[in-house]
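Peer 1: The structure under discussion is supplied below as structure tokens; questions concerning it will follow.
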There are 2 protein chains.
Amino acid sequence: MTAKIDDLFHEECPKVSRVLSRLGDKWSVLIVVLLRDRAYRFNEIKRTVSGISQQMLTRTLRNLERDGLVSRKTYPTSPPQVEYSLTDLGHSLSEPVLALGEWAKTHLGEIDAAQTRFDRRAEK
Amino acid sequence: MTAKIDDLFHEECPKVSRVLSRLGDKWSVLIVVLLRDRAYRFNEIKRTVSGISQQMLTRTLRNLERDGLVSRKTYPTSPPQVEYSLTDLGHSLSEPVLALGEWAKTHLGEIDAAQTRFDRRAEK
DNA sequence: CGGTATCCATTCTGATACTG
DNA sequence: CAGTATCAGAATGGATACCG
């Protein structure tokens, strides 16, 4: 009983937390979900994920690549061409991430409503 | 085809992103998963989630309460007693979150290995 | 016990300019 | 096209002290 809690919170949880922190940044999840369909080129991602700066896209892709979730392939053409796609690990991650995305889409209204209620009460 | 992408990335995604960012902070997810079992008191959570400061716990709980994911009940006893529990919305969220947690637990080793490989190559 | 207030270090994010 | 470099501002995290 307590052992379960201990296991979860003193051994697993710092690690799990680390993974979730990475996904919690502003763009990682969006890119993982986008790349589910097919490989994308750098500027193609930039155009699709509106609002992301070139720098943030570079940084996010580097992190995902470092984590082994995304693979980067360069084609020595002119102009240079770079393609990003999900690795197997990335694909397996995209499943639970998509589920979470679905939840968010479904329940966003309730969250907004709750926030409004909360803020209204706090104001007084 | 393109419509699907557009829908996802120009309407849904900023909103979904907002929800996921909230969960991406260092403690929210851990507390949501903890509270799945039962209600917890303030210092009980603090003891269980080792490493969290009193302030961060307060802040995180306020945010979760504001989002309608956690409810706060005070008992006017002496000493004062405050109990936190998941709302229905919080419970429904905990499902996909737990799935993601399972994924993280399973694949953390692969991520660590990928990082080591990546860093080793970058060093040279 | 369960907070709030203050303050500081670190990290994250993004705009701008430049490069092979 | 696909980046890197630099720099500033915002957000986040946490330590400490104090309060009802």
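Going through the structure tokens in order, the chains are called A, B, and so on, while each chain numbers its residues from 1 and the ligands are numbered from 1 in the order shown.
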If we count only C-alpha atoms, which residues of chain A reach to within 9 Å of chain B? Please list them as a PDB file with C-alpha atoms, in the first residue's frame.

Peer 2:
ATOM      1  CA  ILE A   5       3.359   5.195  -3.102  1.00  0.00           C
ATOM      2  CA  ASP A   6       6.988   5.001  -2.114  1.00  0.00           C
ATOM      3  CA  LEU A   8       6.056   5.816  -7.386  1.00  0.00           C
ATOM      4  CA  PHE A   9       7.238   8.930  -5.626  1.00  0.00           C
ATOM      5  CA  HIS A  10      10.752   8.227  -4.492  1.00  0.00           C
ATOM      6  CA  GLU A  12       9.950   6.532 -10.517  1.00  0.00           C
ATOM      7  CA  CYS A  13       8.704  10.018 -10.171  1.00  0.00           C
ATOM      8  CA  LYS A  15      12.549  10.258 -13.757  1.00  0.00           C
ATOM      9  CA  VAL A  16       9.031  10.469 -15.061  1.00  0.00           C
ATOM     10  CA  SER A  17       9.000  14.083 -14.088  1.00  0.00           C
ATOM     11  CA  ARG A  18      12.077  14.695 -16.170  1.00  0.00           C
ATOM     12  CA  VAL A  19      10.402  13.255 -19.258  1.00  0.00           C
ATOM     13  CA  LEU A  20       7.249  15.244 -18.740  1.00  0.00           C
ATOM     14  CA  SER A  21       9.167  18.460 -18.229  1.00  0.00           C
ATOM     15  CA  ARG A  22      10.731  18.039 -21.605  1.00  0.00           C
ATOM     16  CA  LEU A  23       7.326  17.577 -23.201  1.00  0.00           C
ATOM     17  CA  GLY A  24       5.905  20.450 -21.240  1.00  0.00           C
ATOM     18  CA  ASP A  25       7.797  23.062 -23.157  1.00  0.00           C
ATOM     19  CA  LYS A  26       5.833  25.167 -25.521  1.00  0.00           C
ATOM     20  CA  TRP A  27       6.420  23.304 -28.757  1.00  0.00           C
ATOM     21  CA  VAL A  29       4.304  18.089 -28.152  1.00  0.00           C
ATOM     22  CA  LEU A  30       2.977  19.933 -31.178  1.00  0.00           C
ATOM     23  CA  LEU A  34       2.693  16.893 -36.416  1.00  0.00           C
ATOM     24  CA  THR A  48       2.716  24.834 -40.101  1.00  0.00           C
ATOM     25  CA  VAL A  49       3.321  25.499 -36.438  1.00  0.00           C
ATOM     26  CA  SER A  50       2.372  29.125 -36.605  1.00  0.00           C
ATOM     27  CA  GLU A  65      16.736  14.641 -31.527  1.00  0.00           C
ATOM     28  CA  ARG A  66      18.854  14.383 -28.408  1.00  0.00           C
ATOM     29  CA  ASP A  67      16.102  12.427 -26.676  1.00  0.00           C
ATOM     30  CA  GLY A  68      15.982  10.005 -29.581  1.00  0.00           C
ATOM     31  CA  LEU A  69      12.416  10.970 -30.477  1.00  0.00           C
ATOM     32  CA  LEU A  89      10.500   5.789 -29.926  1.00  0.00           C
ATOM     33  CA  SER A  92       5.372   5.178 -29.497  1.00  0.00           C
ATOM     34  CA  LEU A  93       5.394   8.390 -27.475  1.00  0.00           C
ATOM     35  CA  GLU A  95       0.218   7.650 -28.816  1.00  0.00           C
ATOM     36  CA  PRO A  96      -0.220   8.700 -25.181  1.00  0.00           C
ATOM     37  CA  VAL A  97       0.556  12.279 -26.142  1.00  0.00           C
ATOM     38  CA  ALA A  99      -4.590  10.881 -26.005  1.00  0.00           C
ATOM     39  CA  LEU A 100      -3.665  13.763 -23.758  1.00  0.00           C
ATOM     40  CA  GLY A 101      -4.207  16.174 -26.629  1.00  0.00           C
ATOM     41  CA  GLU A 102      -7.662  14.757 -27.198  1.00  0.00           C
ATOM     42  CA  TRP A 103      -8.447  15.208 -23.527  1.00  0.00           C
ATOM     43  CA  ALA A 104      -7.272  18.801 -23.658  1.00  0.00           C
ATOM     44  CA  LYS A 105      -9.377  19.521 -26.719  1.00  0.00           C
ATOM     45  CA  HIS A 107     -12.163  19.600 -21.718  1.00  0.00           C
ATOM     46  CA  LEU A 108     -10.677  22.969 -22.511  1.00  0.00           C
ATOM     47  CA  GLU A 110     -14.449  23.297 -18.636  1.00  0.00           C
ATOM     48  CA  ILE A 111     -11.011  24.529 -17.666  1.00  0.00           C
ATOM     49  CA  ASP A 112     -11.711  28.002 -18.998  1.00  0.00           C
ATOM     50  CA  ALA A 113     -15.009  28.074 -17.139  1.00  0.00           C
ATOM     51  CA  ALA A 114     -13.346  26.975 -13.917  1.00  0.00           C
ATOM     52  CA  GLN A 115     -10.696  29.651 -14.279  1.00  0.00           C
ATOM     53  CA  THR A 116     -13.271  32.348 -14.831  1.00  0.00           C
ATOM     54  CA  ARG A 117     -15.187  31.235 -11.764  1.00  0.00           C
ATOM     55  CA  PHE A 118     -12.029  31.112  -9.681  1.00  0.00           C
ATOM     56  CA  ASP A 119     -10.804  34.526 -10.773  1.00  0.00           C
TER      57      ASP A 119
END

Peer 1: Within 9 Å of chain D, which residues of chain A are there when counting only C-alpha atoms (C1' of nucleotides)? Please give them as a PDB file with N, CA and C atoms, in the first residue's frame.

Peer 2:
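And here's selection_29.pdb as it stands now:
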ATOM      1  N   PHE A  42      12.443  21.563 -42.443  1.00  0.00           N
ATOM      2  CA  PHE A  42      12.541  22.614 -41.424  1.00  0.00           C
ATOM      3  C   PHE A  42      11.516  23.733 -41.611  1.00  0.00           C
ATOM      4  N   ASN A  43      11.573  24.380 -42.743  1.00  0.00           N
ATOM      5  CA  ASN A  43      10.689  25.523 -42.944  1.00  0.00           C
ATOM      6  C   ASN A  43       9.233  25.127 -43.116  1.00  0.00           C
ATOM      7  N   GLN A  54      12.193  30.862 -35.464  1.00  0.00           N
ATOM      8  CA  GLN A  54      13.175  29.972 -36.056  1.00  0.00           C
ATOM      9  C   GLN A  54      14.074  29.355 -34.978  1.00  0.00           C
ATOM     10  N   GLN A  55      14.438  30.179 -34.020  1.00  0.00           N
ATOM     11  CA  GLN A  55      15.286  29.697 -32.948  1.00  0.00           C
ATOM     12  C   GLN A  55      14.643  28.619 -32.120  1.00  0.00           C
ATOM     13  N   THR A  58      14.567  25.383 -33.980  1.00  0.00           N
ATOM     14  CA  THR A  58      15.873  24.728 -33.962  1.00  0.00           C
ATOM     15  C   THR A  58      16.125  24.070 -32.610  1.00  0.00           C
ATOM     16  N   SER A  78      21.293  21.378 -53.429  1.00  0.00           N
ATOM     17  CA  SER A  78      21.411  22.830 -53.366  1.00  0.00           C
ATOM     18  C   SER A  78      20.121  23.436 -53.890  1.00  0.00           C
ATOM     19  N   PRO A  79      19.391  24.149 -53.044  1.00  0.00           N
ATOM     20  CA  PRO A  79      19.724  24.510 -51.664  1.00  0.00           C
ATOM     21  C   PRO A  79      19.622  23.311 -50.725  1.00  0.00           C
ATOM     22  N   PRO A  80      20.322  23.363 -49.613  1.00  0.00           N
ATOM     23  CA  PRO A  80      20.335  22.254 -48.664  1.00  0.00           C
ATOM     24  C   PRO A  80      18.929  21.905 -48.182  1.00  0.00           C
ATOM     25  N   GLN A  81      18.766  20.646 -47.903  1.00  0.00           N
ATOM     26  CA  GLN A  81      17.442  20.170 -47.523  1.00  0.00           C
ATOM     27  C   GLN A  81      17.591  19.262 -46.312  1.00  0.00           C
ATOM     28  N   VAL A  82      16.787  19.521 -45.290  1.00  0.00           N
ATOM     29  CA  VAL A  82      16.855  18.723 -44.073  1.00  0.00           C
ATOM     30  C   VAL A  82      15.464  18.236 -43.723  1.00  0.00           C
TER      31      VAL A  82
END

Peer 1: Quick one: DSSP strand (DSSP E) residues in chain B, as a ChimeraX atom specification?

Peer 2: /B:40-41,70-75,81-86

Peer 1: Could you dump the residues just selected with C-alpha atoms as a tab-separated table (two decimals), in the first residue's frame?

Peer 2:
chain	number	residue	atom	x	y	z
B	40	TYR	CA	-4.52	14.36	0.95
B	41	ARG	CA	-3.76	17.07	3.45
B	70	VAL	CA	-8.44	19.87	-7.67
B	71	SER	CA	-10.84	20.90	-4.95
B	72	ARG	CA	-9.86	22.33	-1.59
B	73	LYS	CA	-11.82	21.69	1.56
B	74	THR	CA	-11.04	23.35	4.85
B	75	TYR	CA	-12.10	21.96	8.20
B	81	GLN	CA	-6.95	21.17	8.46
B	82	VAL	CA	-7.12	21.43	4.68
B	83	GLU	CA	-7.83	18.58	2.36
B	84	TYR	CA	-7.16	18.40	-1.37
B	85	SER	CA	-8.83	15.97	-3.74
B	86	LEU	CA	-9.37	15.52	-7.46

Peer 1: Write down, as a ChimeraX atom specification, each residue of chain C that has any atom within 12 Å of an atom of chain A, counting only C-alpha atoms (C1' of nucleotides).

Peer 2: /C:11-16,20

Peer 1: One decimal, in Å: what's the spacing between CA of Leu61 in chain B and CA of Val32 in chain B?

Peer 2: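 That distance, rounded to one decimal, is 9.7 Å.
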
Peer 1: Do you have the C1' of DC18 in chain C-CA of Arg120 in chain B distance handy?

Peer 2: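 These two atoms are separated by 28.6 Å.
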
Peer 1: Would you list, as a PyMOL selection string, the residues of range 28-97 of chain A that end up in alpha helix (DSSP H) under DSSP run on this structure's backbone?

Peer 2: chain A and resi 28-34+42-48+54-66+88-97

Peer 1: Mind pulling up the distance from CA of Pro76 in chain B to C1' of DT6 in chain C?

Peer 2: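 Atom-to-atom, C1' of DT6 in chain C to CA of Pro76 in chain B, that is 28.7 Å.
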